[in-house]
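Undergrad: Take a look at start.cif, mmCIF, C-alpha atoms:
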```cif
data_data
#
loop_
_atom_site.label_atom_id
_atom_site.label_comp_id
_atom_site.auth_asym_id
_atom_site.auth_seq_id
_atom_site.Cartn_x
_atom_site.Cartn_y
_atom_site.Cartn_z
CA MET A 329 101.75 130.70 134.02
CA ARG A 330 104.54 133.14 134.84
CA ARG A 331 104.65 135.94 132.29
CA ILE A 332 105.91 139.48 131.82
CA MET A 333 105.59 142.12 129.10
CA ILE A 334 108.40 144.45 128.11
CA ALA A 335 106.73 147.51 126.57
CA GLY A 336 108.01 150.98 125.72
CA THR A 337 107.18 154.64 125.83
CA GLY A 338 107.44 154.76 122.04
CA SER A 339 109.14 153.28 118.99
CA GLY A 340 112.91 153.45 119.20
CA CYS A 341 113.14 153.52 123.01
CA GLY A 342 115.16 150.29 123.07
CA LYS A 343 112.51 147.77 124.13
CA THR A 344 113.65 145.14 121.61
CA THR A 345 117.25 145.43 122.83
CA VAL A 346 116.05 145.12 126.44
CA THR A 347 113.81 142.17 125.57
CA CYS A 348 116.63 140.37 123.76
CA GLY A 349 118.93 141.01 126.72
CA ILE A 350 116.40 139.54 129.16
CA LEU A 351 115.72 136.51 126.92
CA SER A 352 119.45 135.89 126.57
CA ALA A 353 120.03 136.22 130.31
CA LEU A 354 117.22 133.74 131.03
CA ARG A 355 118.59 131.28 128.48
CA GLN A 356 122.06 131.57 130.00
CA ARG A 357 120.45 130.57 133.30
CA SER A 358 119.02 127.49 131.51
CA ILE A 359 115.46 128.68 132.14
CA ARG A 360 112.88 127.51 129.61
CA VAL A 361 111.38 130.63 128.00
CA SER A 362 108.64 131.28 125.47
CA ALA A 363 108.72 134.58 123.57
CA PHE A 364 105.91 136.61 122.00
CA LYS A 365 105.66 139.86 120.05
CA CYS A 366 102.56 142.02 120.24
CA GLY A 367 101.21 143.21 116.92
CA PRO A 368 102.00 142.43 113.28
CA ASP A 369 105.78 142.23 113.56
CA TYR A 370 107.87 139.65 111.71
CA ILE A 371 111.40 140.83 112.48
CA ASP A 372 111.61 140.88 116.28
CA PRO A 373 110.53 137.20 116.60
CA MET A 374 113.49 136.28 114.36
CA PHE A 375 115.81 137.60 117.08
CA TYR A 376 113.93 135.64 119.76
CA ARG A 377 114.38 132.43 117.72
CA GLU A 378 118.11 133.05 117.40
CA ILE A 379 118.42 133.53 121.17
CA LEU A 380 116.16 130.72 122.35
CA HIS A 381 116.65 128.22 119.50
CA ALA A 382 112.89 127.77 119.60
CA GLU A 383 109.82 129.09 117.82
CA ALA A 384 108.56 132.56 118.72
CA HIS A 385 105.00 133.83 118.36
CA ASN A 386 102.84 136.87 117.71
CA LEU A 387 99.94 138.06 119.88
CA ASP A 388 97.65 140.47 118.08
CA SER A 389 94.45 141.75 119.67
CA PHE A 390 93.30 143.40 116.44
CA PHE A 391 93.26 140.07 114.63
CA CYS A 392 92.13 137.81 117.47
CA ASP A 393 89.28 137.86 119.93
CA GLU A 394 90.07 137.58 123.64
CA ASN A 395 89.69 133.81 123.83
CA MET A 396 91.90 133.15 120.80
CA LEU A 397 94.57 135.51 122.14
CA ARG A 398 94.66 133.73 125.51
CA TYR A 399 94.65 130.35 123.77
CA GLN A 400 97.68 131.33 121.68
CA LEU A 401 99.54 132.55 124.76
CA ALA A 402 98.78 129.35 126.68
CA GLU A 403 99.61 127.07 123.74
CA GLY A 404 102.84 128.89 122.90
CA SER A 405 103.94 128.76 126.55
CA GLN A 406 103.57 125.01 127.01
CA GLY A 407 106.63 123.41 128.51
CA THR A 408 108.25 126.73 129.51
CA GLU A 409 108.81 128.38 132.87
CA ILE A 410 108.08 131.97 131.85
CA ALA A 411 106.58 133.79 128.88
CA VAL A 412 108.19 137.07 127.83
CA LEU A 413 106.05 139.38 125.68
CA GLU A 414 107.32 142.46 123.87
CA GLY A 415 104.97 145.32 123.09
CA ALA A 416 104.78 147.22 119.80
CA MET A 417 105.26 150.99 119.33
CA GLY A 418 104.36 152.92 122.47
CA PHE A 419 102.46 151.04 125.16
CA TYR A 420 99.16 152.80 124.50
CA ASP A 421 99.57 153.10 120.70
CA GLY A 422 97.71 150.97 118.18
CA GLY A 423 94.06 151.07 119.25
CA ASP A 424 92.59 147.57 119.42
CA GLY A 425 96.01 146.12 118.61
CA SER A 426 97.98 148.00 121.26
CA ALA A 427 100.30 146.43 123.84
CA TYR A 428 98.03 147.97 126.47
CA ARG A 429 95.09 146.02 125.07
CA VAL A 430 97.06 142.76 124.94
CA SER A 431 98.21 143.27 128.54
CA GLU A 432 94.62 143.73 129.72
CA ILE A 433 93.35 140.63 127.89
CA THR A 434 96.18 138.40 129.11
CA SER A 435 96.55 139.91 132.62
CA VAL A 436 100.29 140.23 132.15
CA PRO A 437 102.42 142.53 134.34
CA VAL A 438 104.11 145.23 132.24
CA ILE A 439 107.60 146.67 132.55
CA LEU A 440 108.01 149.89 130.56
CA VAL A 441 111.31 150.82 128.93
CA VAL A 442 112.22 154.52 129.13
CA ASN A 443 115.02 155.92 126.96
CA CYS A 444 116.77 158.31 129.33
CA ARG A 445 119.13 159.90 126.85
CA GLY A 446 119.34 163.64 127.51
CA MET A 447 116.96 163.58 130.49
CA LYS A 448 116.94 163.70 134.26
CA GLU A 449 113.92 165.31 135.99
CA SER A 450 111.77 164.68 132.91
CA ILE A 451 112.10 160.94 133.58
CA GLY A 452 109.70 161.48 136.49
CA ALA A 453 107.12 163.10 134.21
CA ILE A 454 107.25 160.10 131.89
CA ILE A 455 106.83 157.65 134.78
CA LYS A 456 103.86 159.54 136.22
CA GLY A 457 102.28 160.08 132.83
CA PHE A 458 102.27 156.41 131.84
CA LEU A 459 101.12 155.26 135.27
CA HIS A 460 98.10 157.56 135.28
CA TYR A 461 97.12 157.92 131.60
CA GLN A 462 94.76 154.90 131.64
CA HIS A 463 93.17 153.11 134.57
CA PRO A 464 93.33 150.29 135.25
CA ASN A 465 96.63 149.25 133.73
CA GLN A 466 99.07 146.40 134.29
CA ILE A 467 102.22 148.53 134.67
CA ALA A 468 104.42 146.93 137.33
CA GLY A 469 107.54 149.04 136.94
CA PHE A 470 110.25 150.43 134.67
CA ILE A 471 113.59 149.67 133.04
CA PHE A 472 115.73 152.67 132.13
CA ASN A 473 117.66 152.46 128.86
CA GLN A 474 120.87 154.48 128.30
CA LEU A 475 120.87 155.53 131.94
CA PRO A 476 124.14 156.92 133.30
CA GLU A 477 125.27 155.00 136.39
CA SER A 478 125.30 158.24 138.38
CA LEU A 479 121.50 158.58 137.93
CA ILE A 480 120.57 155.13 139.26
CA PRO A 481 119.89 156.36 142.84
CA PHE A 482 117.82 159.22 141.40
CA VAL A 483 115.53 157.00 139.30
CA ARG A 484 115.22 154.48 142.14
CA GLN A 485 113.90 157.32 144.28
CA LEU A 486 111.54 158.44 141.50
CA CYS A 487 110.09 154.94 141.28
CA ALA A 488 109.62 154.77 145.07
CA GLU A 489 107.86 158.15 145.11
CA CYS A 490 105.53 157.05 142.28
CA GLY A 491 104.71 153.72 143.94
CA THR A 492 106.17 151.61 141.15
CA ALA A 493 109.08 149.17 140.85
CA TYR A 494 112.61 149.75 139.59
CA PHE A 495 113.54 146.74 137.42
CA GLY A 496 116.98 147.95 136.47
CA CYS A 497 118.64 149.72 133.59
CA LEU A 498 120.86 149.28 130.56
CA PRO A 499 123.85 151.59 130.27
CA LYS A 500 125.17 152.74 126.91
CA HIS A 501 126.67 149.77 125.04
CA PRO A 502 127.98 148.83 121.57
CA TYR A 503 125.46 146.05 120.88
CA THR A 504 122.83 148.15 119.10
CA LEU A 505 120.60 146.54 116.47
CA GLU A 506 120.68 148.18 113.06
CA SER A 507 117.51 149.38 111.31
CA ARG A 508 116.23 149.85 107.78
CA HIS A 509 112.94 151.00 106.22
CA LEU A 510 110.78 148.13 107.57
CA GLY A 511 112.38 148.06 111.02
CA LEU A 512 115.42 146.23 112.32
CA VAL A 513 117.82 144.44 110.01
CA THR A 514 116.80 140.76 110.18
CA ALA A 515 118.70 138.44 112.50
CA ASN A 516 120.04 136.22 109.71
CA GLU A 517 121.78 139.23 108.13
CA ILE A 518 123.94 139.90 111.21
CA SER A 519 127.12 137.82 111.02
CA ASP A 520 127.90 138.01 114.73
CA ILE A 521 124.30 137.70 115.95
CA CYS A 522 125.09 134.97 118.53
CA GLU A 523 127.94 136.95 120.06
CA LYS A 524 125.80 140.13 120.21
CA MET A 525 122.89 138.37 121.88
CA ASP A 526 125.17 136.65 124.39
CA ALA A 527 126.77 140.00 125.24
CA LEU A 528 123.34 141.59 125.72
CA GLY A 529 122.43 138.73 128.05
CA THR A 530 125.53 139.31 130.13
CA LEU A 531 124.77 143.04 130.28
CA ALA A 532 121.16 142.36 131.32
CA GLU A 533 122.30 139.97 134.04
CA GLN A 534 124.53 142.69 135.44
CA HIS A 535 122.11 145.63 135.31
CA ILE A 536 118.51 144.30 135.15
CA GLU A 537 116.83 142.66 138.12
CA ILE A 538 116.24 139.27 136.50
CA ASP A 539 115.22 137.56 139.74
CA ARG A 540 112.55 140.18 140.35
CA ILE A 541 111.20 139.62 136.82
CA LEU A 542 111.18 135.84 137.30
CA HIS A 543 109.24 135.95 140.54
CA HIS A 544 106.82 138.81 139.90
CA PRO A 545 103.28 137.60 140.70
CA CYS A 546 100.70 137.06 137.95
CA ASN A 547 96.94 136.65 137.94
CA PHE A 548 95.36 133.50 136.55
CA LEU A 549 94.17 133.62 132.95
CA PRO A 550 90.39 133.35 132.53
CA GLU A 551 89.08 129.99 131.35
CA ILE A 552 90.01 129.31 127.72
CA GLN A 553 87.72 127.64 125.19
CA MET A 554 89.55 125.42 122.71
CA PRO A 555 89.00 126.67 119.13
CA CYS A 556 87.40 124.19 116.72
CA ILE A 557 90.01 123.19 114.14
CA PRO A 558 88.81 120.50 111.69
CA LYS A 559 91.14 117.90 110.16
CA LEU A 560 91.31 117.24 106.44
CA SER A 561 91.04 113.64 105.27
CA SER A 562 94.04 114.12 102.98
CA LYS A 563 97.43 115.74 103.57
CA PRO A 564 98.04 118.36 100.90
CA VAL A 565 101.63 119.51 100.48
CA ILE A 566 102.13 123.27 100.54
CA ALA A 567 105.36 124.76 99.21
CA VAL A 568 106.30 127.75 101.40
CA ALA A 569 109.01 130.22 100.39
CA ARG A 570 111.62 130.72 103.10
CA ASP A 571 114.97 132.44 102.61
CA LYS A 572 116.55 135.89 103.01
CA ALA A 573 114.23 137.40 100.38
CA PHE A 574 111.05 135.79 101.76
CA CYS A 575 111.17 135.68 105.54
CA PHE A 576 108.00 137.42 106.79
CA GLN A 577 105.77 134.52 107.77
CA TYR A 578 103.65 134.14 110.90
CA ALA A 579 104.47 130.95 112.79
CA GLU A 580 100.78 130.79 113.71
CA ASN A 581 99.75 130.62 110.03
CA ILE A 582 102.02 127.63 109.43
CA ALA A 583 100.98 125.95 112.68
CA LEU A 584 97.29 126.25 111.80
CA LEU A 585 97.81 124.77 108.34
CA GLU A 586 99.65 121.86 109.95
CA LYS A 587 96.81 121.33 112.44
CA LEU A 588 94.41 121.17 109.50
CA GLY A 589 96.52 118.33 108.10
CA CYS A 590 98.76 120.13 105.60
CA VAL A 591 102.38 119.14 105.05
CA ILE A 592 104.73 122.13 104.77
CA ARG A 593 107.63 121.93 102.33
CA TYR A 594 109.98 124.91 102.50
CA PHE A 595 111.93 126.07 99.46
CA SER A 596 114.08 129.02 98.41
CA PRO A 597 113.25 131.11 95.33
CA LEU A 598 116.78 132.46 95.72
CA GLU A 599 118.79 129.25 95.96
CA ASP A 600 116.67 126.37 94.60
CA SER A 601 116.50 125.69 90.87
CA HIS A 602 112.94 124.39 90.86
CA LEU A 603 109.69 124.60 92.79
CA PRO A 604 109.22 121.41 94.83
CA GLN A 605 106.35 119.07 94.06
CA ALA A 606 103.34 120.45 95.92
CA ASP A 607 99.57 121.00 95.94
CA GLY A 608 99.69 124.65 97.02
CA LEU A 609 102.04 127.60 97.18
CA ILE A 610 102.70 130.40 99.68
CA LEU A 611 104.96 133.31 98.74
CA CYS A 612 105.27 135.35 101.93
CA GLY A 613 106.59 138.85 102.48
CA GLY A 614 110.18 139.89 102.92
CA TYR A 615 112.80 141.85 101.03
CA PRO A 616 112.73 140.75 97.36
CA GLU A 617 113.96 144.22 96.42
CA LEU A 618 117.28 143.52 98.16
CA TYR A 619 117.80 140.35 96.12
CA ALA A 620 116.07 141.36 92.88
CA GLU A 621 119.03 140.58 90.61
CA LYS A 622 119.51 137.07 92.02
CA LEU A 623 115.77 136.35 91.94
CA SER A 624 115.67 137.51 88.33
CA GLN A 625 118.64 135.34 87.37
CA ASN A 626 116.91 132.23 88.75
CA ARG A 627 114.92 131.74 85.54
CA THR A 628 113.99 128.10 86.17
CA MET A 629 112.33 129.00 89.47
CA ARG A 630 110.49 131.95 87.92
CA ARG A 631 109.25 129.70 85.12
CA ASP A 632 108.14 126.97 87.55
CA ILE A 633 106.15 129.40 89.68
CA GLN A 634 104.54 131.02 86.65
CA LYS A 635 103.55 127.60 85.27
CA ALA A 636 102.20 126.39 88.62
CA ILE A 637 99.96 129.44 89.01
CA GLN A 638 98.81 129.25 85.40
CA ASP A 639 97.92 125.59 86.09
CA LYS A 640 95.66 126.83 88.93
CA MET A 641 97.79 125.68 91.84
CA PRO A 642 96.22 127.38 94.91
CA THR A 643 98.51 130.30 95.71
CA ILE A 644 98.76 132.95 98.41
CA ALA A 645 101.26 135.74 97.69
CA GLU A 646 101.57 138.55 100.24
CA CYS A 647 103.50 141.81 99.94
CA GLY A 648 107.02 140.71 98.96
CA GLY A 649 105.60 137.55 97.40
CA PHE A 650 103.12 139.69 95.48
CA MET A 651 105.98 141.90 94.29
CA TYR A 652 107.80 138.80 93.01
CA LEU A 653 104.81 137.79 90.88
CA HIS A 654 104.94 140.96 88.77
CA ASP A 655 106.41 141.25 85.30
CA THR A 656 109.20 143.49 86.56
CA LEU A 657 110.64 145.15 89.65
CA ARG A 658 112.22 148.58 89.31
CA SER A 659 114.92 149.14 91.92
CA LYS A 660 115.73 152.30 93.86
CA GLU A 661 118.57 152.80 91.38
CA ASN A 662 116.06 152.59 88.47
CA GLU A 663 117.30 149.19 87.30
CA VAL A 664 114.58 146.88 85.96
CA PHE A 665 114.57 143.17 86.83
CA GLU A 666 112.31 140.48 85.38
CA MET A 667 110.19 138.69 87.95
CA ALA A 668 107.73 135.76 87.69
CA GLY A 669 105.45 137.36 85.12
CA VAL A 670 102.10 136.42 86.69
CA ILE A 671 100.85 139.92 87.52
CA ARG A 672 100.89 142.27 84.53
CA GLY A 673 102.74 145.35 85.72
CA GLU A 674 105.73 146.68 87.61
CA VAL A 675 106.55 147.27 91.27
CA PHE A 676 108.53 150.36 92.17
CA TYR A 677 109.98 152.12 95.21
CA THR A 678 108.22 155.04 96.85
CA LYS A 679 109.86 157.15 99.51
CA LYS A 680 107.24 156.65 102.20
CA LEU A 681 105.06 154.00 103.78
CA GLN A 682 102.09 153.10 101.60
CA ARG A 683 98.67 152.37 103.13
CA PHE A 684 100.33 151.46 106.45
CA GLY A 685 98.40 149.76 109.24
CA TYR A 686 95.49 147.51 110.10
CA ILE A 687 92.66 147.18 107.58
CA SER A 688 89.41 145.33 107.05
CA MET A 689 88.94 143.93 103.52
CA THR A 690 85.59 143.08 101.93
CA SER A 691 85.73 140.67 99.03
CA GLN A 692 84.16 141.78 95.75
CA ALA A 693 83.81 138.21 94.42
CA ASP A 694 84.10 134.57 95.47
CA ASN A 695 87.76 133.59 95.60
CA LEU A 696 90.36 131.21 97.00
CA ILE A 697 90.12 132.39 100.63
CA CYS A 698 86.57 133.73 101.09
CA ARG A 699 83.21 134.42 99.47
CA ALA A 700 81.89 137.63 97.97
CA GLY A 701 80.82 140.10 100.66
CA GLU A 702 82.87 138.49 103.43
CA THR A 703 85.28 140.67 105.39
CA LEU A 704 88.78 139.70 106.49
CA LYS A 705 91.22 141.48 108.75
CA ALA A 706 94.70 142.25 107.38
CA HIS A 707 97.55 144.73 107.61
CA GLU A 708 99.88 146.52 105.20
CA PHE A 709 103.45 147.71 105.73
CA HIS A 710 105.45 148.53 102.61
CA TYR A 711 107.39 151.28 100.88
CA TRP A 712 106.86 149.76 97.43
CA ASP A 713 103.84 150.03 95.19
CA SER A 714 102.49 148.50 91.98
CA THR A 715 101.15 149.78 88.71
CA ASP A 716 98.32 147.29 89.35
CA SER A 717 97.59 146.55 93.01
CA GLY A 718 94.34 144.78 92.07
CA ASN A 719 90.68 145.43 92.89
CA GLY A 720 89.43 142.14 94.33
CA PHE A 721 88.93 143.55 97.83
CA ALA A 722 87.67 146.87 99.17
CA ALA A 723 90.02 147.79 102.01
CA GLU A 724 89.17 150.22 104.80
CA LYS A 725 91.24 151.59 107.67
CA PRO A 726 89.74 152.27 111.12
CA ASP A 727 89.81 156.01 110.31
CA GLY A 728 87.55 155.49 107.27
CA ARG A 729 90.11 155.74 104.47
CA SER A 730 89.49 153.14 101.77
CA TRP A 731 90.92 151.75 98.53
CA ARG A 732 90.83 148.67 96.31
CA CYS A 733 93.50 145.98 96.48
CA CYS A 734 94.48 142.41 95.64
CA HIS A 735 94.26 140.11 92.64
CA ILE A 736 91.87 137.24 93.34
CA SER A 737 90.53 134.16 91.60
CA ASP A 738 89.32 130.73 92.64
CA SER A 739 92.98 129.67 92.86
CA MET A 740 94.89 132.81 93.89
CA TYR A 741 95.12 135.57 96.46
CA ALA A 742 97.89 138.07 95.67
CA GLY A 743 98.29 141.53 97.14
CA PHE A 744 100.15 143.77 99.55
CA PRO A 745 97.93 142.99 102.61
CA HIS A 746 99.19 140.32 105.01
CA LEU A 747 96.73 137.73 106.34
CA TYR A 748 96.67 136.20 109.81
CA PHE A 749 94.92 132.83 109.75
CA PRO A 750 93.99 132.57 113.46
CA SER A 751 91.77 135.64 113.01
CA ASP A 752 89.50 133.55 110.76
CA ILE A 753 90.14 129.80 110.72
CA GLN A 754 87.80 129.46 107.72
CA THR A 755 90.31 131.38 105.60
CA ALA A 756 93.00 128.81 106.25
CA LEU A 757 90.50 125.96 105.85
CA ARG A 758 89.33 127.16 102.42
CA PHE A 759 92.93 127.44 101.23
CA ALA A 760 93.84 124.00 102.62
CA ARG A 761 90.79 122.40 101.01
CA ALA A 762 91.65 124.01 97.67
CA CYS A 763 95.16 122.57 97.94
CA ALA A 764 93.71 119.13 98.75
CA GLY A 765 91.39 119.42 95.76
CA TYR A 766 94.25 120.37 93.49
CA GLY A 767 96.22 117.32 94.64
CA GLU A 768 93.27 115.02 94.04
CA LYS A 769 93.04 115.99 90.36
CA ASP A 770 96.03 113.71 89.65
CA GLU A 771 97.60 116.55 87.69
CA THR A 772 100.76 116.51 89.74
CA TYR A 773 102.95 119.52 89.05
CA THR A 774 106.33 118.51 87.65
CA THR A 775 109.32 120.47 86.41
CA ASP A 776 110.92 120.13 83.02
#
```
What would the structure in this file look like if it were written as structure tokens?
TA:
Amino acid sequence: MRRIMIAGTGSGCGKTTVTCGILSALRQRSIRVSAFKCGPDYIDPMFYREILHAEAHNLDSFFCDENMLRYQLAEGSQGTEIAVLEGAMGFYDGGDGSAYRVSEITSVPVILVVNCRGMKESIGAIIKGFLHYQHPNQIAGFIFNQLPESLIPFVRQLCAECGTAYFGCLPKHPYTLESRHLGLVTANEISDICEKMDALGTLAEQHIEIDRILHHPCNFLPEIQMPCIPKLSSKPVIAVARDKAFCFQYAENIALLEKLGCVIRYFSPLEDSHLPQADGLILCGGYPELYAEKLSQNRTMRRDIQKAIQDKMPTIAECGGFMYLHDTLRSKENEVFEMAGVIRGEVFYTKKLQRFGYISMTSQADNLICRAGETLKAHEFHYWDSTDSGNGFAAEKPDGRSWRCCHISDSMYAGFPHLYFPSDIQTALRFARACAGYGEKDETYTTD
């Protein structure tokens, strides 16, 4: 399996722009590509999907053991000629979930992106520092972002002196990707996204050594054990929110539910009048705060979701979906909008990240997705908070900080933490079985 990782010296160095340029250049060559993002990132894979017109995936070594991580890489790469992985944050950042850790587990050669703005000789210090900070490492070479053309001979010489490869550069260009508080603006919000990605591909073809990337040697992956995924005897239908307000959903979560036998039915809390007929409900994360007025005005949808949850339809609501279930949402401008009215309380904007990062959560009672005392891995990433975040789980960060979170029952999980089903297949199986059980009660949910 040919594969390469594009990682960076830190957040904001331009690695997503470089990755998108390389993906676009490969697509323009009609090369079959699979794309992966390291870590718990929802937004970057949206750009990969726009470029490749194919599903993109996450690889997360905090959530998954080594075998599962390799399995996901191999499965997601089927039928393609090369897998392109993008790291998260700085290459060495993130502990067990770092791009460095993923590169070691998957034996993938790494190309580091260096933002050269305002530097010359200091570029050499960065190269040497990353090459020697940890041994062994998979660093194969470097791409230099915002590099003036006059410095290309200089950085080529630096790479030769350091015994590493020069994989090209990106000069200054107008195709930058805009950001907001949770990262980049999502791909479906950019009106000229196709034109921008095509232009980045052309730029990458001109300045990045695509042939060298394509033909860089890779080690074989260690033998992979197939995970045991049971199959339900029935096919429960799960309604999954998907629109501009609810767009943070792991492809791997959906794929695992489908392997278990579930049928996925997408719907839009923004645009649809009613919840579709289903046996279960997933309200994923996203940006409900940006569409609060329209969500509030869709009273029939709010009423349907409230009724379904009150009728004990198995429901998972994460982060943005959890926000939507509250009585009200208070905007940055202090406007108050009615939401679904399931969670008693209000969500409100704070000016900083709340409880950001990977966590382990221990359940305080039997519930929809696990039993009392069991521990699940999750992550949080939000600027909003709630007057009642719940107390169904005891959450703990790797540094020892802890708090209570989530509303749980035998039919609901609702809270800010995001779940990743491949980290614990039993979590997905319990939810799927609950949905199947709900469907077998012959109490089919209908709208008025």
Undergrad: Kindly give the distance, in Å, that separates CA of Ile552 (chain A) and CA of Ser751 (chain A), rounded to a single decimal.
TA: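 Distance reported for this atom pair: 16.1 Å.
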Undergrad: In Å, rounded to a single decimal, give me how far CA of Gln356 (chain A) is from CA of Tyr503 (chain A).
TA: 17.4 Å
Undergrad: Tell me which of A:Glu708, A:Asp655, A:Glu724, A:Glu599 sits closest to Thr628 (chain A), counting only C-alpha atoms.
TA: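 Of A:Glu708, A:Asp655, A:Glu724, A:Glu599, the one nearest Thr628 (chain A), counting only C-alpha atoms, is A:Glu599.
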Undergrad: Which residues, named as in the file, does the PyMOL selection byres ((chain A and resi 721) around 12) pick out? Answer as a PyMOL selection string.
TA: chain A and resi 687-695+697-706+717-720+722-724+730-737+741-745
Undergrad: Residues near region 444-460 of chain A, anyone? I mean within 7 Å using all atoms listed in the file, not counting same-chain ones fewer than 3 positions away, as an MDAnalysis selection string.
TA: chainID A and resid 463 467 472:475 486 490
Undergrad: Give the answer as one residue: which of A:Phe574, A:Trp712, A:Phe684, A:Phe495 has the shortest atom-to-atom distance to Tyr370 (chain A), using all atoms listed in the file?
TA: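 When distances to Tyr370 (chain A) are compared using all atoms listed in the file, the smallest one comes from A:Phe574.
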Undergrad: Smallest atom-to-atom distance to Gly349 (chain A): which of A:Ala636, A:Met651, A:Ile379, A:Ile644, using all atoms listed in the file?
TA: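 Of A:Ala636, A:Met651, A:Ile379, A:Ile644, the one nearest Gly349 (chain A), counting all atoms listed in the file, is A:Ile379.
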Undergrad: Step by step, work through what the PyMOL selection byres ((chain A and resi 583) around 12) selects in the shown file, and finish by giving those residues as a compact mmCIF listing (two decimals) with C-alpha atoms, keeping the file's coordinate frame.
TA:
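part-v4.txt written:
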```
# COMPACT_ATOMS: atom_id res chain seq x y z
CA GLU A 383 109.82 129.09 117.82
CA ALA A 384 108.56 132.56 118.72
CA HIS A 385 105.00 133.83 118.36
CA GLN A 400 97.68 131.33 121.68
CA GLU A 403 99.61 127.07 123.74
CA GLY A 404 102.84 128.89 122.90
CA ILE A 557 90.01 123.19 114.14
CA GLN A 577 105.77 134.52 107.77
CA TYR A 578 103.65 134.14 110.90
CA ALA A 579 104.47 130.95 112.79
CA GLU A 580 100.78 130.79 113.71
CA ASN A 581 99.75 130.62 110.03
CA ILE A 582 102.02 127.63 109.43
CA LEU A 584 97.29 126.25 111.80
CA LEU A 585 97.81 124.77 108.34
CA GLU A 586 99.65 121.86 109.95
CA LYS A 587 96.81 121.33 112.44
CA LEU A 588 94.41 121.17 109.50
CA GLY A 589 96.52 118.33 108.10
CA CYS A 590 98.76 120.13 105.60
CA VAL A 591 102.38 119.14 105.05
CA ILE A 592 104.73 122.13 104.77
CA TYR A 748 96.67 136.20 109.81
CA PHE A 749 94.92 132.83 109.75
CA PRO A 750 93.99 132.57 113.46
CA ILE A 753 90.14 129.80 110.72
CA ALA A 756 93.00 128.81 106.25
```
Undergrad: Taking 2 positions as the minimum chain separation for residues in the same chain, which residues sit within 12 Å of Cys522 (chain A) when counting only C-alpha atoms? Answer as an MDAnalysis selection string.
TA: chainID A and resid 348:349 352 375:381 503 515:520 524:529
Undergrad: Taking the file as I've supplied it (selection: the PyMOL selection byres ((chain A and resi 627) around 10)), which residues are included? Please answer as a ChimeraX atom specification.
TA: /A:597,601-602,622-626,628-633,666-668
Undergrad: Closest to Leu498 (chain A) among A:Gly342, A:Gly469, A:Gly608, A:Gly728, using all atoms listed in the file?
TA: A:Gly342
Undergrad: Would you mind reading off the distance between CA of Ser478 (chain A) and CA of Val346 (chain A), one decimal, in Å?
TA: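 Distance between the two atoms: 20.0 Å.
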